[in-house]
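Note: the block below is query_10.cif and it holds mmCIF, C-alpha atoms.
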```cif
data_work
loop_
_atom_site.label_atom_id
_atom_site.label_comp_id
_atom_site.auth_asym_id
_atom_site.auth_seq_id
_atom_site.Cartn_x
_atom_site.Cartn_y
_atom_site.Cartn_z
CA MET A 242 0.00 0.00 0.00
CA ASN A 243 1.33 3.44 -0.90
CA SER A 244 1.17 5.49 2.26
CA ARG A 245 1.86 8.96 3.54
CA PRO A 246 2.19 10.41 7.03
CA ALA A 247 -1.21 9.92 8.59
CA GLN A 248 -1.91 13.42 9.85
CA ARG A 249 -5.63 13.56 10.43
CA SER A 250 -8.10 16.39 10.67
CA ASP A 251 -10.40 17.08 13.58
CA ARG A 252 -13.75 15.35 13.88
CA PRO A 253 -16.57 16.91 11.84
CA PRO A 254 -18.23 19.99 13.39
CA GLY A 255 -21.24 19.17 15.51
CA ALA A 256 -20.67 15.42 15.44
CA ASP A 257 -20.75 13.63 18.77
CA VAL A 258 -18.17 10.96 17.98
CA THR A 259 -18.17 8.14 20.48
CA HIS A 260 -15.37 6.04 18.97
CA ILE A 261 -12.47 7.16 16.76
CA LEU A 262 -10.53 4.40 15.08
CA ASN A 263 -6.91 4.15 16.15
CA GLU A 264 -4.09 4.72 13.70
CA GLY A 265 -3.32 1.06 13.03
CA ASP A 266 -6.92 0.08 12.42
CA ALA A 267 -7.52 3.14 10.26
CA ARG A 268 -4.65 2.18 7.99
CA ALA A 269 -5.51 -1.50 7.88
CA ILE A 270 -9.12 -1.20 6.77
CA ILE A 271 -8.11 0.63 3.57
CA ASP A 272 -5.00 -1.47 2.92
CA PRO A 273 -5.53 -4.14 0.21
CA GLU A 274 -2.96 -6.38 1.86
CA SER A 275 -5.12 -6.61 4.99
CA TYR A 276 -7.85 -8.34 2.97
CA ALA A 277 -5.40 -11.00 1.80
CA GLU A 278 -4.74 -11.95 5.44
CA TRP A 279 -8.29 -13.14 6.20
CA ASP A 280 -8.03 -14.37 9.77
CA GLY A 281 -6.08 -11.32 10.86
CA LEU A 282 -8.63 -9.09 9.18
CA LEU A 283 -11.52 -10.81 10.96
CA ASP A 284 -9.66 -10.51 14.28
CA ARG A 285 -9.31 -6.79 13.69
CA PHE A 286 -12.97 -6.37 12.80
CA ASP A 287 -13.99 -8.28 15.92
CA ALA A 288 -11.96 -5.92 18.08
CA ILE A 289 -13.29 -2.80 16.34
CA ARG A 290 -16.90 -4.02 16.53
CA ALA A 291 -16.52 -4.83 20.22
CA SER A 292 -15.56 -1.21 20.86
CA ALA A 293 -18.31 0.24 18.66
CA PRO A 294 -20.31 -1.07 15.67
CA VAL A 295 -19.92 2.37 14.07
CA SER A 296 -16.51 4.04 14.29
CA TYR A 297 -15.09 7.27 12.93
CA VAL A 298 -12.03 7.34 10.66
CA GLN A 299 -10.47 10.77 10.64
CA ALA A 300 -9.25 12.35 7.43
CA ALA A 301 -5.69 12.04 6.25
CA PRO A 302 -5.37 15.45 4.55
CA GLY A 303 -4.34 15.12 0.93
CA TYR A 304 -4.77 11.35 1.12
CA HIS A 305 -8.40 10.53 1.92
CA ARG A 306 -11.41 12.26 3.45
CA PRO A 307 -13.01 11.19 6.74
CA PHE A 308 -15.64 8.45 6.87
CA TRP A 309 -17.58 6.24 9.24
CA LEU A 310 -16.76 2.53 9.38
CA VAL A 311 -19.76 0.24 9.96
CA THR A 312 -18.81 -3.21 11.28
CA GLY A 313 -22.01 -4.24 13.11
CA TYR A 314 -24.65 -6.26 11.31
CA ASP A 315 -27.67 -4.33 12.59
CA ALA A 316 -26.14 -0.98 11.67
CA ALA A 317 -25.15 -2.27 8.23
CA MET A 318 -28.68 -3.57 7.65
CA GLN A 319 -30.23 -0.27 8.76
CA ILE A 320 -28.13 1.73 6.33
CA SER A 321 -28.52 -0.75 3.48
CA LYS A 322 -32.32 -0.69 3.67
CA ASP A 323 -32.76 3.04 4.20
CA ASN A 324 -32.11 4.37 0.71
CA ALA A 325 -33.76 7.72 1.45
CA ARG A 326 -31.36 8.74 4.22
CA PHE A 327 -28.23 6.94 2.93
CA LEU A 328 -27.41 7.83 -0.65
CA ASN A 329 -25.30 6.31 -3.42
CA HIS A 330 -24.77 9.74 -4.98
CA PRO A 331 -22.99 12.13 -5.37
CA LYS A 332 -19.95 10.77 -3.49
CA THR A 333 -18.29 7.65 -4.83
CA THR A 334 -19.77 4.31 -3.71
CA VAL A 335 -16.34 2.66 -3.55
CA PHE A 336 -13.65 3.91 -1.18
CA SER A 337 -11.26 6.14 -3.11
CA LEU A 338 -8.27 8.20 -2.17
CA ASP A 339 -8.39 11.93 -2.83
CA LYS A 340 -6.30 11.59 -5.99
CA GLY A 341 -8.68 8.98 -7.36
CA VAL A 342 -11.69 11.20 -6.70
CA GLU A 343 -9.98 14.14 -8.39
CA PHE A 344 -9.09 12.02 -11.41
CA ALA A 345 -12.65 10.72 -11.75
CA ARG A 346 -14.02 14.26 -11.66
CA ALA A 347 -11.58 15.35 -14.35
CA MET A 348 -12.45 12.37 -16.55
CA THR A 349 -16.23 12.70 -16.20
CA GLY A 350 -16.67 16.44 -16.08
CA GLY A 351 -17.43 16.59 -12.37
CA SER A 352 -18.80 13.22 -11.22
CA GLU A 353 -16.92 11.14 -8.67
CA HIS A 354 -18.24 8.02 -10.41
CA MET A 355 -16.01 6.78 -13.21
CA VAL A 356 -18.90 4.61 -14.38
CA ALA A 357 -22.55 5.70 -14.20
CA SER A 358 -24.50 2.58 -13.24
CA LEU A 359 -27.29 1.32 -11.00
CA VAL A 360 -24.79 1.30 -8.14
CA THR A 361 -24.32 5.08 -8.38
CA MET A 362 -28.01 6.07 -8.67
CA ASP A 363 -30.65 7.08 -6.16
CA ALA A 364 -34.41 7.43 -6.49
CA PRO A 365 -36.21 8.47 -8.63
CA GLU A 366 -33.67 7.49 -11.33
CA HIS A 367 -32.57 4.20 -9.77
CA PRO A 368 -35.92 2.32 -9.82
CA LYS A 369 -36.52 3.36 -13.44
CA TYR A 370 -33.18 1.98 -14.58
CA ARG A 371 -33.31 -1.13 -12.41
CA LYS A 372 -36.75 -1.99 -13.79
CA LEU A 373 -35.30 -2.23 -17.32
CA THR A 374 -33.62 -5.58 -16.62
CA GLN A 375 -35.08 -6.73 -13.30
CA THR A 376 -37.57 -9.09 -14.96
CA TRP A 377 -34.77 -10.63 -17.01
CA PHE A 378 -32.91 -11.62 -13.84
CA MET A 379 -35.91 -13.10 -12.01
CA PRO A 380 -36.12 -16.92 -11.58
CA LYS A 381 -38.95 -17.29 -14.10
CA ASN A 382 -36.87 -15.86 -16.92
CA LEU A 383 -33.63 -17.47 -15.78
CA ALA A 384 -35.38 -20.82 -16.20
CA THR A 385 -35.30 -20.15 -19.95
CA VAL A 386 -31.48 -20.06 -19.95
CA GLU A 387 -30.91 -22.74 -17.29
CA ALA A 388 -30.19 -25.45 -19.88
CA GLU A 389 -27.48 -23.30 -21.48
CA ILE A 390 -25.89 -22.54 -18.11
CA ARG A 391 -26.02 -26.22 -17.21
CA GLN A 392 -24.13 -27.05 -20.41
CA LEU A 393 -21.43 -24.55 -19.45
CA ALA A 394 -21.27 -26.04 -15.95
CA GLU A 395 -20.90 -29.57 -17.29
CA ARG A 396 -18.28 -28.50 -19.80
CA THR A 397 -16.35 -26.76 -17.02
CA ALA A 398 -16.57 -29.82 -14.75
CA ASP A 399 -15.43 -32.10 -17.57
CA GLY A 400 -12.46 -29.80 -18.16
CA LEU A 401 -11.50 -29.97 -14.50
CA VAL A 402 -11.51 -33.75 -14.44
CA SER A 403 -9.53 -34.01 -17.66
CA ALA A 404 -6.90 -31.58 -16.34
CA GLY A 405 -5.50 -34.24 -14.01
CA SER A 406 -5.51 -34.87 -10.29
CA ARG A 407 -3.65 -31.68 -9.28
CA VAL A 408 -5.46 -28.46 -10.23
CA ASP A 409 -5.86 -24.82 -9.32
CA PHE A 410 -9.61 -24.53 -8.89
CA VAL A 411 -9.61 -20.75 -9.38
CA LYS A 412 -7.75 -20.89 -12.67
CA GLN A 413 -9.54 -23.98 -13.95
CA VAL A 414 -13.10 -23.47 -12.71
CA SER A 415 -14.19 -20.58 -10.51
CA GLY A 416 -12.51 -17.94 -12.65
CA PRO A 417 -13.62 -18.88 -16.18
CA TYR A 418 -17.03 -20.42 -15.48
CA PRO A 419 -18.90 -17.31 -14.22
CA LEU A 420 -17.22 -15.32 -16.98
CA HIS A 421 -18.59 -17.76 -19.59
CA VAL A 422 -22.07 -17.43 -18.11
CA VAL A 423 -22.25 -13.64 -17.94
CA MET A 424 -20.68 -13.20 -21.38
CA GLN A 425 -23.19 -15.63 -22.84
CA ILE A 426 -26.16 -13.74 -21.43
CA LEU A 427 -24.62 -10.49 -22.71
CA GLY A 428 -24.18 -11.97 -26.17
CA VAL A 429 -20.37 -11.62 -26.13
CA PRO A 430 -18.59 -14.15 -28.39
CA GLU A 431 -16.40 -16.65 -26.55
CA GLU A 432 -13.30 -15.49 -28.43
CA ASP A 433 -13.69 -12.05 -26.77
CA GLU A 434 -13.85 -13.42 -23.22
CA PRO A 435 -10.08 -13.08 -22.55
CA ARG A 436 -10.36 -9.38 -23.32
CA MET A 437 -13.28 -9.03 -20.92
CA LEU A 438 -11.38 -10.92 -18.22
CA MET A 439 -8.34 -8.68 -18.60
CA LEU A 440 -10.45 -5.53 -18.37
CA THR A 441 -12.30 -6.85 -15.33
CA GLN A 442 -9.05 -7.65 -13.57
CA GLN A 443 -7.77 -4.17 -14.31
CA MET A 444 -10.93 -2.66 -12.83
CA PHE A 445 -11.40 -4.87 -9.77
CA GLY A 446 -8.07 -6.68 -9.31
CA GLY A 447 -6.01 -3.55 -9.70
CA GLN A 448 -4.60 -3.73 -6.20
CA ASP A 449 -3.19 -7.26 -6.63
CA GLU A 450 -0.07 -7.74 -8.71
CA ASP A 451 -1.03 -11.32 -9.60
CA LEU A 452 -4.45 -10.36 -10.96
CA ASN A 453 -4.21 -7.02 -12.69
CA GLN A 454 -1.83 -8.21 -15.44
CA SER A 455 -0.49 -4.68 -15.77
CA GLY A 456 2.59 -4.40 -13.55
CA MET A 457 0.63 -2.28 -11.10
CA LYS A 458 2.46 -3.44 -8.01
CA ASP A 459 4.79 -0.45 -8.11
CA MET A 460 2.27 2.06 -9.45
CA SER A 461 1.03 5.04 -7.48
CA PRO A 462 -2.68 5.35 -6.68
CA GLU A 463 -2.90 7.98 -9.41
CA GLN A 464 -1.42 5.62 -12.01
CA ILE A 465 -3.74 2.81 -10.95
CA THR A 466 -6.73 5.12 -11.30
CA GLN A 467 -5.61 6.07 -14.80
CA LEU A 468 -5.31 2.41 -15.77
CA VAL A 469 -8.82 1.74 -14.46
CA ALA A 470 -10.05 4.67 -16.53
CA GLY A 471 -8.43 3.12 -19.58
CA ALA A 472 -10.21 -0.16 -18.87
CA VAL A 473 -13.52 1.71 -18.64
CA LYS A 474 -12.91 3.33 -22.03
CA ASP A 475 -12.03 -0.05 -23.56
CA PHE A 476 -15.25 -1.52 -22.18
CA GLU A 477 -17.19 1.41 -23.65
CA GLN A 478 -15.66 0.98 -27.09
CA TYR A 479 -16.37 -2.72 -27.12
CA PHE A 480 -19.98 -2.44 -26.00
CA ALA A 481 -20.66 0.37 -28.45
CA GLY A 482 -20.24 -2.30 -31.13
CA ILE A 483 -22.49 -4.71 -29.21
CA THR A 484 -25.14 -1.98 -28.98
CA ALA A 485 -25.17 -1.34 -32.70
CA GLN A 486 -25.45 -5.07 -33.36
CA LYS A 487 -28.29 -5.61 -30.87
CA ARG A 488 -30.26 -2.66 -32.16
CA ALA A 489 -30.01 -3.90 -35.71
CA HIS A 490 -30.66 -7.55 -34.79
CA PRO A 491 -32.17 -7.84 -31.27
CA THR A 492 -32.24 -11.24 -29.59
CA SER A 493 -33.43 -12.53 -26.21
CA ASP A 494 -30.18 -11.82 -24.34
CA VAL A 495 -29.85 -9.07 -21.76
CA ALA A 496 -27.60 -7.01 -24.03
CA SER A 497 -30.49 -6.59 -26.43
CA THR A 498 -32.66 -5.48 -23.52
CA ILE A 499 -30.15 -2.80 -22.55
CA ALA A 500 -29.44 -1.64 -26.10
CA ASN A 501 -33.11 -1.11 -26.86
CA ALA A 502 -34.33 0.05 -23.44
CA GLN A 503 -36.01 3.41 -23.04
CA ILE A 504 -36.49 5.75 -20.09
CA ASP A 505 -39.29 8.29 -20.42
CA GLY A 506 -39.55 7.52 -24.12
CA ALA A 507 -35.85 7.91 -24.94
CA LEU A 508 -33.03 5.41 -25.42
CA LEU A 509 -30.34 5.38 -22.75
CA ASN A 510 -27.50 7.80 -23.38
CA ASP A 511 -24.04 6.36 -23.99
CA ARG A 512 -22.74 6.83 -20.43
CA GLU A 513 -25.80 5.23 -18.82
CA MET A 514 -25.90 2.35 -21.27
CA MET A 515 -22.18 1.60 -20.97
CA GLY A 516 -22.49 1.72 -17.20
CA TYR A 517 -25.16 -0.95 -17.39
CA TYR A 518 -22.99 -3.18 -19.58
CA ILE A 519 -19.92 -2.69 -17.43
CA ILE A 520 -21.62 -3.44 -14.12
CA LEU A 521 -23.05 -6.68 -15.55
CA ALA A 522 -19.90 -7.73 -17.43
CA ALA A 523 -17.44 -6.95 -14.66
CA ALA A 524 -19.25 -7.28 -11.34
CA GLY A 525 -21.37 -10.13 -12.66
CA HIS A 526 -18.60 -12.68 -12.70
CA ASP A 527 -15.84 -11.68 -10.23
CA THR A 528 -18.22 -11.94 -7.28
CA THR A 529 -19.62 -15.34 -8.23
CA SER A 530 -16.09 -16.56 -8.86
CA ALA A 531 -15.14 -15.67 -5.29
CA SER A 532 -18.18 -17.39 -3.76
CA THR A 533 -17.65 -20.50 -5.89
CA ALA A 534 -14.03 -20.82 -4.82
CA GLY A 535 -15.05 -20.28 -1.20
CA ALA A 536 -17.58 -23.10 -1.37
CA MET A 537 -14.99 -25.50 -2.78
CA LEU A 538 -12.44 -24.47 -0.16
CA ALA A 539 -14.93 -25.28 2.59
CA LEU A 540 -15.74 -28.68 1.06
CA ALA A 541 -12.06 -29.52 0.56
CA ARG A 542 -11.40 -28.77 4.22
CA ASP A 543 -14.32 -30.94 5.35
CA PRO A 544 -14.43 -34.34 3.58
CA ALA A 545 -17.44 -35.43 5.64
CA GLN A 546 -19.44 -32.44 4.46
CA PHE A 547 -18.37 -33.12 0.87
CA ALA A 548 -19.57 -36.70 1.18
CA ARG A 549 -22.90 -35.60 2.67
CA VAL A 550 -23.69 -33.12 -0.08
CA LYS A 551 -22.55 -35.59 -2.73
CA ALA A 552 -25.08 -38.08 -1.38
CA ASP A 553 -27.85 -35.52 -0.73
CA ARG A 554 -28.05 -32.70 -3.28
CA SER A 555 -30.81 -30.98 -1.29
CA LEU A 556 -27.96 -29.68 0.88
CA LEU A 557 -26.54 -27.70 -2.03
CA SER A 558 -28.67 -24.62 -1.46
CA GLY A 559 -27.22 -24.33 2.04
CA ILE A 560 -23.68 -24.76 0.72
CA VAL A 561 -24.24 -21.99 -1.83
CA GLU A 562 -25.82 -19.54 0.59
CA GLU A 563 -23.23 -20.06 3.29
CA ALA A 564 -20.41 -19.68 0.77
CA ILE A 565 -21.78 -16.31 -0.26
CA ARG A 566 -21.92 -15.12 3.37
CA TRP A 567 -18.60 -16.69 4.34
CA THR A 568 -16.70 -15.11 1.46
CA SER A 569 -18.57 -11.77 1.18
CA PRO A 570 -17.03 -11.03 -2.25
CA VAL A 571 -18.21 -7.40 -2.32
CA GLN A 572 -16.29 -6.32 0.73
CA HIS A 573 -17.68 -2.82 1.13
CA PHE A 574 -19.82 -0.08 -0.34
CA MET A 575 -19.86 3.59 0.58
CA ARG A 576 -22.95 5.68 1.32
CA THR A 577 -23.50 9.38 2.03
CA ALA A 578 -25.86 10.61 4.75
CA ALA A 579 -28.69 12.73 3.33
CA CYS A 580 -29.51 14.15 6.77
CA ASP A 581 -28.47 13.94 10.40
CA VAL A 582 -29.28 10.40 11.52
CA ASP A 583 -28.62 8.04 14.43
CA VAL A 584 -27.06 4.63 13.75
CA ALA A 585 -26.26 2.26 16.63
CA GLY A 586 -26.39 5.16 19.06
CA GLN A 587 -23.98 7.23 17.00
CA ARG A 588 -25.01 10.57 15.51
CA ILE A 589 -23.97 10.77 11.87
CA ALA A 590 -24.12 14.22 10.29
CA ARG A 591 -25.59 15.19 6.95
CA ASP A 592 -23.11 14.70 4.08
CA ASP A 593 -20.89 12.32 6.08
CA TRP A 594 -19.31 9.47 4.11
CA ILE A 595 -19.96 5.93 5.39
CA MET A 596 -18.29 2.57 4.67
CA ILE A 597 -20.59 -0.44 5.07
CA ASN A 598 -18.08 -3.24 5.54
CA TYR A 599 -19.88 -6.44 4.53
CA VAL A 600 -17.01 -8.69 5.59
CA ALA A 601 -17.33 -7.38 9.14
CA ALA A 602 -21.15 -7.36 9.16
CA ASN A 603 -21.37 -10.92 7.84
CA HIS A 604 -19.05 -12.08 10.60
CA ASP A 605 -20.86 -10.35 13.45
CA PRO A 606 -21.36 -12.96 16.22
CA ALA A 607 -24.44 -11.06 17.41
CA GLN A 608 -26.16 -12.19 14.19
CA PHE A 609 -24.29 -15.39 13.24
CA ASP A 610 -23.28 -18.07 15.72
CA ASN A 611 -19.63 -19.03 15.22
CA PRO A 612 -19.44 -16.80 12.13
CA ARG A 613 -16.03 -18.06 10.99
CA THR A 614 -17.34 -21.60 10.79
CA PHE A 615 -18.69 -22.67 7.41
CA ASP A 616 -22.08 -24.10 8.32
CA ALA A 617 -24.17 -25.30 5.37
CA ALA A 618 -27.10 -25.87 7.72
CA ARG A 619 -27.01 -22.29 9.04
CA SER A 620 -30.58 -21.06 9.48
CA PRO A 621 -31.56 -18.35 9.32
CA ASN A 622 -28.78 -17.03 7.12
CA ARG A 623 -29.88 -13.47 6.52
CA HIS A 624 -26.50 -12.30 5.32
CA LEU A 625 -25.71 -8.99 3.64
CA ALA A 626 -23.43 -10.25 0.88
CA PHE A 627 -26.04 -9.21 -1.70
CA GLY A 628 -26.87 -6.00 0.12
CA ALA A 629 -30.44 -5.18 1.11
CA GLY A 630 -33.20 -2.79 0.18
CA ALA A 631 -33.57 -1.12 -3.20
CA HIS A 632 -29.92 -1.71 -4.07
CA GLN A 633 -29.90 -5.44 -3.35
CA CYS A 634 -27.83 -7.21 -5.99
CA LEU A 635 -29.73 -7.48 -9.28
CA GLY A 636 -28.02 -10.78 -10.14
CA LEU A 637 -28.49 -12.68 -6.87
CA HIS A 638 -30.79 -15.32 -8.43
CA LEU A 639 -28.35 -15.82 -11.31
CA ALA A 640 -25.41 -16.23 -8.92
CA ARG A 641 -27.24 -18.88 -6.90
CA LEU A 642 -28.31 -20.72 -10.06
CA GLU A 643 -24.79 -20.68 -11.50
CA MET A 644 -23.28 -22.08 -8.33
CA ARG A 645 -25.92 -24.77 -7.86
CA LEU A 646 -25.59 -26.04 -11.44
CA LEU A 647 -21.81 -26.05 -11.27
CA PHE A 648 -21.65 -28.01 -8.02
CA GLU A 649 -24.22 -30.50 -9.29
CA ALA A 650 -21.90 -31.15 -12.24
CA LEU A 651 -18.79 -31.29 -10.06
CA LEU A 652 -20.32 -33.66 -7.53
CA ASP A 653 -21.33 -36.01 -10.35
CA ARG A 654 -17.74 -36.20 -11.54
CA ILE A 655 -15.58 -35.99 -8.40
CA ASP A 656 -15.31 -38.66 -5.73
CA THR A 657 -13.04 -36.80 -3.28
CA VAL A 658 -11.29 -33.44 -3.08
CA ASP A 659 -8.43 -32.32 -0.82
CA LEU A 660 -6.28 -29.25 -0.43
CA ALA A 661 -2.96 -29.58 -2.24
CA GLY A 662 -1.37 -26.44 -0.87
CA GLU A 663 -2.15 -23.17 0.82
CA PRO A 664 -4.91 -21.08 -0.81
CA ARG A 665 -4.15 -17.39 -1.34
CA ARG A 666 -6.52 -14.43 -1.28
CA ALA A 667 -6.47 -11.36 -3.48
CA LYS A 668 -5.19 -8.03 -2.21
CA SER A 669 -8.26 -5.90 -2.70
CA THR A 670 -10.40 -3.64 -0.56
CA PHE A 671 -13.46 -3.80 -2.83
CA VAL A 672 -14.16 -7.11 -4.60
CA GLY A 673 -12.12 -9.92 -3.10
CA GLY A 674 -11.75 -13.67 -2.78
CA LEU A 675 -9.34 -16.50 -3.44
CA LYS A 676 -6.84 -16.05 -6.26
CA THR A 677 -5.41 -19.56 -5.94
CA LEU A 678 -6.96 -22.78 -4.63
CA PRO A 679 -4.68 -25.80 -5.20
CA LEU A 680 -6.60 -29.07 -5.01
CA THR A 681 -6.09 -32.78 -5.46
CA ILE A 682 -9.18 -34.39 -6.94
CA ARG A 683 -10.11 -38.02 -7.50
CA PRO A 684 -12.66 -38.51 -10.29
CA ALA A 685 -15.81 -40.50 -9.59
#
```
Please render this file's structure as structure tokens.
Amino acid sequence: MNSRPAQRSDRPPGADVTHILNEGDARAIIDPESYAEWDGLLDRFDAIRASAPVSYVQAAPGYHRPFWLVTGYDAAMQISKDNARFLNHPKTTVFSLDKGVEFARAMTGGSEHMVASLVTMDAPEHPKYRKLTQTWFMPKNLATVEAEIRQLAERTADGLVSAGSRVDFVKQVSGPYPLHVVMQILGVPEEDEPRMLMLTQQMFGGQDEDLNQSGMKDMSPEQITQLVAGAVKDFEQYFAGITAQKRAHPTSDVASTIANAQIDGALLNDREMMGYYIILAAAGHDTTSASTAGAMLALARDPAQFARVKADRSLLSGIVEEAIRWTSPVQHFMRTAACDVDVAGQRIARDDWIMINYVAANHDPAQFDNPRTFDAARSPNRHLAFGAGAHQCLGLHLARLEMRLLFEALLDRIDTVDLAGEPRRAKSTFVGGLKTLPLTIRPA
């Protein structure tokens, strides 16, 4: 992590701050390397949450602005569901350093959001734009593409078995499979998938030298932001061609829906339309990849659980749901207070910036018994990995379907699975998960 002396400003005027994060914790929660050291990160969140479920992180002048860190489940749920008092606009919804915010404003003509998407909208715009594709992602419509996704799952499982007994599950399965699925529903030809993967890794894996494929390990935050901006422009150029094609020859895929969608009688403008494509193409596969790898890690560590689910596929839904909670691939989102509001006994002032940390909230022992334990029978499992309220993940039904079909195919073809080395996590504060998962498999 590139760092600077952590001189911090005073607390915000009028705010009655009950808990200010100490220097070490304040650095760690924005350090990508912290998220690669999972157990240590969870230890830190436990200690922070025990002091206060909502803590204040003072500004580091010239480095980042102040914000509130939310680690408690109840507080995270309150903010997630209250979309009137906690906004996704105008401040960025992903933690950014000052230089990144400045660069985004320069690139967009004033907006802090490099990409204009559902994630960056509030009512009344957000429900209009979400409605355009919401029906497409509901279970009834997904049933029409289930056979195609199943074919991809079976092809992926066959490829794993044919690769030999020693495999990297992330490289062989959990990385490419969700990418195949989301590109298929977007109508992207398979030969273009490597390009989409590279751009996604530049956008969301930019903090990890093994994932970003761009030599970014030694780059400054400003240089990383510029590379992300380049990836956004590449996405836009590519999907401009897809748009023209889908308008001339519309099909049943979601890309055709986006290309021909109208708001108040007018087609989407280029920035809005490209934001829709990018959020589906990029966020739609990295997150499912992380959950899929997490599920397999849990099964590899617990042969008895693997044997049970292999014998009783009704247990799969629990495996999938717990994996999503346990991994929490979207590790945080930012919100901005629209008014003075109380959260967990803490007064948050209008215009304050807030980090909902889903990793911390989904490991809150007040909500989840033994939260670090992977428990496929956990019930209830009202996790926040998909968010809540109006901004709940649009693709949650697709993610669950993808994972269920894949594990059905894998369980048909694999007799046993064991760890063949130490898994490694990505260095990323935003979207994170395993980047390697070495396994030894024995085919059925």
Write out as CSV the residues of range 587-624 of chain A that have any atom within 10 Å of an atom of range 543-556 of chain A, one row each with the nearest atom pair and its distance in Å to one decimal, counting all atoms listed in the file, sorted by chain and then rising number.
```
residue,atom,partner,partner_atom,distance
A:Phe615,CA,A:Asp543,CA,9.6
A:Asp616,CA,A:Gln546,CA,9.6
A:Ala617,CA,A:Leu556,CA,7.3
A:Ala618,CA,A:Leu556,CA,7.9
```
Hey, can you spit out that residue selection with C-alpha atoms as a compact mmCIF listing (two decimals), in the frame of the given file?
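The resulting result.txt:
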```txt
# COMPACT_ATOMS: atom_id res chain seq x y z
CA PHE A 615 -18.69 -22.67 7.41
CA ASP A 616 -22.08 -24.10 8.32
CA ALA A 617 -24.17 -25.30 5.37
CA ALA A 618 -27.10 -25.87 7.72
```
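Each of A:Lys332, A:Arg436, A:Lys474, A:Arg542 was checked against Leu660 in chain A using all atoms listed in the file; the smallest atom-to-atom distance is that of A:Arg542.
With all atoms listed in the file taken into account, the protein and nucleic acid residues at most 8 Å from Leu440 in chain A (excluding it and anything under 4 positions from it in its own chain) are Arg436, Met444, Ala472, Val473, Asp475 and Phe476 of chain A.
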| request: For Ala481 in chain A, work out the shell of residues within 9 Å, counting only C-alpha atoms and skipping chain neighbours fewer than 5 positions away, then give it as a PyMOL selection string. | output: chain A and resi 476+486+511+515
Mind dumping the selected residues with C-alpha atoms as an mmCIF file, keeping the file's coordinate frame?
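This is the output file out_24.cif:
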```
data_model
loop_
_atom_site.group_PDB
_atom_site.id
_atom_site.type_symbol
_atom_site.label_atom_id
_atom_site.label_comp_id
_atom_site.auth_asym_id
_atom_site.auth_seq_id
_atom_site.Cartn_x
_atom_site.Cartn_y
_atom_site.Cartn_z
ATOM 1 C CA PHE A 476 -15.250 -1.520 -22.180
ATOM 2 C CA GLN A 486 -25.450 -5.070 -33.360
ATOM 3 C CA ASP A 511 -24.040 6.360 -23.990
ATOM 4 C CA MET A 515 -22.180 1.600 -20.970
#
```
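A straight line drawn from CA of Ile655 in chain A to CA of Pro417 in chain A is 18.9 Å long.
Proximity of A:Ala607, A:Ala470, A:Leu427, A:Met318 to Thr374 in chain A, computed with all atoms listed in the file, is greatest for A:Leu427.
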| Pairwise distance for CA of Arg290 in chain A and CA of Asp605 in chain A, rounded to one decimal in Å | 8.1 Å
| query | Counting all atoms listed in the file, which of A:Tyr517, A:Phe410, A:Trp377, A:Trp567 gets nearest to Thr681 in chain A? | reply | A:Phe410
| field | Proximity to Asp659 in chain A - best of A:Val408, A:Ala269, A:Val600, A:Leu468, all atoms listed in the file | value | A:Val408
| Contact residues around range 633-640 of chain A with all atoms listed in the file at 7 Å, ignoring same-chain residues under 2 positions, as a PyMOL selection string | chain A and resi 375+378-380+529+627-631+642-644
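Going from CA of Phe671 in chain A to CA of Leu509 in chain A covers 27.7 Å.
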| field | For Val658 in chain A, the nearest of the candidates A:His421, A:Lys381, A:Arg566, A:Arg407, counting only C-alpha atoms | value | A:Arg407
| A:Asn510, A:Ser569, A:Thr376, A:Asn598: which is nearest Thr498 in chain A, counting all atoms listed in the file? | A:Thr376
| task | Run the PyMOL selection byres ((chain A and resi 277-282) around 6) against the file shown and list the residues it catches, as a ChimeraX atom specification. | result | /A:274-276,283-285,666-668
| request: Apply the PyMOL selection byres ((chain A and resi 502) around 12) to the structure shown and report the selected residues as a count of residues only. | output: 28
| request: Name the residues captured by the PyMOL selection byres ((chain A and resi 532) around 9) when it is applied to the shown file; answer as a ChimeraX atom specification. | output: /A:415,527-531,533-537,561,564-570,640,644,674-675
